[in-house]
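Asker: Before anything else, here's the structure in question.
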Amino acid sequence: MEPGEGAIEYARSLVNGLNREQAAIVLRKRPDDPRVKCCSCCGYHFRDQTRPGNAKTCGESCKRAVKTWQRHIQRGKDWSAKPKKKILYYDWFEYPFWINERAMLYHAWSYDSPKDPDKINQILAARQRCERFGGKRKPIRRVEY
């Protein structure tokens with residue numbers, strides 16, 4: 001993985017003005033400063049500039065990567081705990097079909113719910129009243145000047 005912002009900044013401060021071979025030697029040494037830590041994401045050294053001194057990552061990009069991984073792990077546990085939905089309708093065959101009649105009726109209930117005959121008469125009467133008064137649209141108000 002590539003180094004984060006904090007690791008790059010720390011390395012720049014160490015190798016400022018050195019050639020490539022000297023910089024490689026300096027960067028391999030383990031520093032004695034307690035504020036210099038190893039990033040938990042990219043693995044490069046960085047200087048912890050937080051006040052309590054408890055930073056685990058060198059910068060925002062590494063912190064984002066660690067948090068993304070943690071969310072992935074947490075959601076993975078939640079996904080495995082959820083029960084899988086039963087397959088009630090096979091639509092990938094040449095002739096699609098329901099697994100049983102009860103599943104078909106349960107699904108159709110949301111679209112075609114049976115109505116009482118009195119209720120049907122009330123619905124038809126309401127439609128006729130609506131049509132007699134010009135429908136649900138608001139009438140256009142014409143103002144003559």
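How things are named: the first chain in the structure tokens is A, the next is B, and so on; residues count from 1 in each chain; ligands count from 1 in the order shown.
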Please provide as a list in words all residues within 12 Å of Cys38 (chain A), with the sequence filter that same-chain residues fewer than 4 positions apart are discarded (counting only C-alpha atoms).
Answerer: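 Result of the neighbour search: Pro3, Gly4, Gly6, Ala7, Tyr10, Arg30, Pro31, Asp33, Pro34, Cys42, Gly43, Tyr44, His45, Phe46, Arg47, Asp48, Asn54, Ala55, Lys56, Thr57, Cys58, Gly59 and Cys62 of chain A.
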Asker: Hey, can you spit out that residue selection with N, CA, C and O atoms as a CSV table (one decimal), in the first residue's frame?
Answerer:
chain,number,residue,atom,x,y,z
A,3,PRO,N,2.1,5.0,1.0
A,3,PRO,CA,2.2,5.7,2.3
A,3,PRO,C,1.1,6.8,2.3
A,3,PRO,O,0.8,7.4,1.3
A,4,GLY,N,0.6,7.1,3.5
A,4,GLY,CA,-0.4,8.2,3.7
A,4,GLY,C,0.3,9.6,3.8
A,4,GLY,O,1.5,9.7,3.7
A,6,GLY,N,0.6,11.6,6.4
A,6,GLY,CA,1.5,11.8,7.5
A,6,GLY,C,2.9,11.2,7.4
A,6,GLY,O,3.9,11.7,7.8
A,7,ALA,N,2.9,10.0,6.7
A,7,ALA,CA,4.1,9.3,6.5
A,7,ALA,C,5.0,10.0,5.5
A,7,ALA,O,6.2,10.1,5.7
A,10,TYR,N,6.5,13.1,7.3
A,10,TYR,CA,7.5,12.7,8.2
A,10,TYR,C,8.8,12.3,7.4
A,10,TYR,O,9.9,12.8,7.8
A,30,ARG,N,14.9,2.7,13.0
A,30,ARG,CA,13.8,2.9,13.9
A,30,ARG,C,14.0,4.1,14.8
A,30,ARG,O,15.0,4.1,15.6
A,31,PRO,N,13.2,5.1,14.8
A,31,PRO,CA,13.4,6.3,15.6
A,31,PRO,C,13.2,6.1,17.1
A,31,PRO,O,12.4,5.2,17.5
A,33,ASP,N,12.1,8.5,19.1
A,33,ASP,CA,11.0,9.4,19.5
A,33,ASP,C,9.7,8.7,19.8
A,33,ASP,O,9.2,7.9,19.0
A,34,PRO,N,9.1,8.8,21.0
A,34,PRO,CA,7.9,8.1,21.3
A,34,PRO,C,6.7,8.6,20.5
A,34,PRO,O,5.7,7.8,20.3
A,42,CYS,N,-1.0,1.6,6.4
A,42,CYS,CA,0.0,1.5,5.4
A,42,CYS,C,1.3,0.9,5.9
A,42,CYS,O,2.1,0.4,5.1
A,43,GLY,N,1.6,1.0,7.2
A,43,GLY,CA,2.8,0.4,7.8
A,43,GLY,C,4.0,1.3,7.8
A,43,GLY,O,5.1,0.9,8.2
A,44,TYR,N,3.9,2.5,7.3
A,44,TYR,CA,5.0,3.5,7.3
A,44,TYR,C,5.0,4.3,8.6
A,44,TYR,O,4.0,4.4,9.3
A,45,HIS,N,6.2,4.8,8.9
A,45,HIS,CA,6.4,5.6,10.2
A,45,HIS,C,5.8,7.0,9.9
A,45,HIS,O,5.9,7.5,8.8
A,46,PHE,N,5.2,7.5,11.0
A,46,PHE,CA,4.7,8.9,11.0
A,46,PHE,C,4.9,9.5,12.3
A,46,PHE,O,5.0,8.8,13.3
A,47,ARG,N,4.8,10.9,12.4
A,47,ARG,CA,4.9,11.6,13.7
A,47,ARG,C,3.5,11.9,14.1
A,47,ARG,O,2.7,12.5,13.4
A,48,ASP,N,3.1,11.4,15.3
A,48,ASP,CA,1.8,11.6,15.9
A,48,ASP,C,1.7,13.0,16.4
A,48,ASP,O,2.4,13.4,17.3
A,54,ASN,N,-2.6,9.5,20.6
A,54,ASN,CA,-3.2,8.1,20.5
A,54,ASN,C,-3.6,7.9,19.0
A,54,ASN,O,-4.4,7.0,18.8
A,55,ALA,N,-3.0,8.5,18.1
A,55,ALA,CA,-3.3,8.3,16.7
A,55,ALA,C,-2.8,6.9,16.2
A,55,ALA,O,-1.7,6.5,16.6
A,56,LYS,N,-3.6,6.2,15.4
A,56,LYS,CA,-3.2,4.9,14.9
A,56,LYS,C,-2.9,4.9,13.5
A,56,LYS,O,-2.2,4.0,13.0
A,57,THR,N,-3.4,6.0,12.7
A,57,THR,CA,-3.1,6.1,11.3
A,57,THR,C,-2.4,7.4,11.0
A,57,THR,O,-2.5,8.3,11.8
A,58,CYS,N,-1.7,7.4,9.9
A,58,CYS,CA,-0.9,8.6,9.6
A,58,CYS,C,-1.6,9.7,9.0
A,58,CYS,O,-1.2,10.9,9.0
A,59,GLY,N,-2.8,9.5,8.4
A,59,GLY,CA,-3.5,10.6,7.8
A,59,GLY,C,-5.0,10.2,7.5
A,59,GLY,O,-5.4,9.1,7.8
A,62,CYS,N,-5.6,7.0,5.1
A,62,CYS,CA,-5.4,5.7,5.9
A,62,CYS,C,-6.5,5.5,6.9
A,62,CYS,O,-7.0,4.4,7.0
Asker: For CA of Tyr111 (chain A) and CA of Cys130 (chain A), determine how far apart the two atoms are, in Å to one decimal place.
Answerer: 23.9 Å
Asker: Which of chain A end up as helix (DSSP H, G or I) when DSSP is run on this backbone - answer as a ChimeraX atom specification?
Answerer: /A:5-15,20-28,60-81,101-108,117-132
Asker: What residues in region 13-140 of chain A get the DSSP label strand (DSSP E)? Please answer as a list in words.
Answerer: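 Taking region 13-140 of chain A and keeping strand (DSSP E) gives Val36, Lys37, Cys38, His45, Phe46, Arg47, Tyr89, Tyr90, Phe97 and Trp98 of chain A.
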Asker: Please, what distance in Å, to one decimal, runs between CA of Ile140 (chain A) and CA of Ala126 (chain A)?
Answerer: 22.5 Å
Asker: Kindly give the distance, in Å, that separates CA of Leu27 (chain A) and CA of Val15 (chain A), rounded to a single decimal.
Answerer: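 Interatomic distance here is 7.9 Å.
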Asker: In terms of the shortest atom-to-atom distance over only C-alpha atoms, which of A:Arg35, A:Arg64, A:Lys86, A:Arg12 is closest to Arg51 (chain A)?
Answerer: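 Closest candidate: A:Arg35.
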Asker: List the spatial neighbours of Ala24 (chain A) as a PyMOL selection string - criterion: any atom at most 12 Å away, only C-alpha atoms, same-chain residues fewer than 5 positions off excluded.
Answerer: chain A and resi 11-12+14-15+18-19+29
Asker: Ranking A:Ile8, A:Ala103, A:Ile123, A:Val143 by minimum distance to Leu88 (chain A) and counting only C-alpha atoms, which one comes first?
Answerer: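 So, comparing all the options, the nearest one is A:Ala103.
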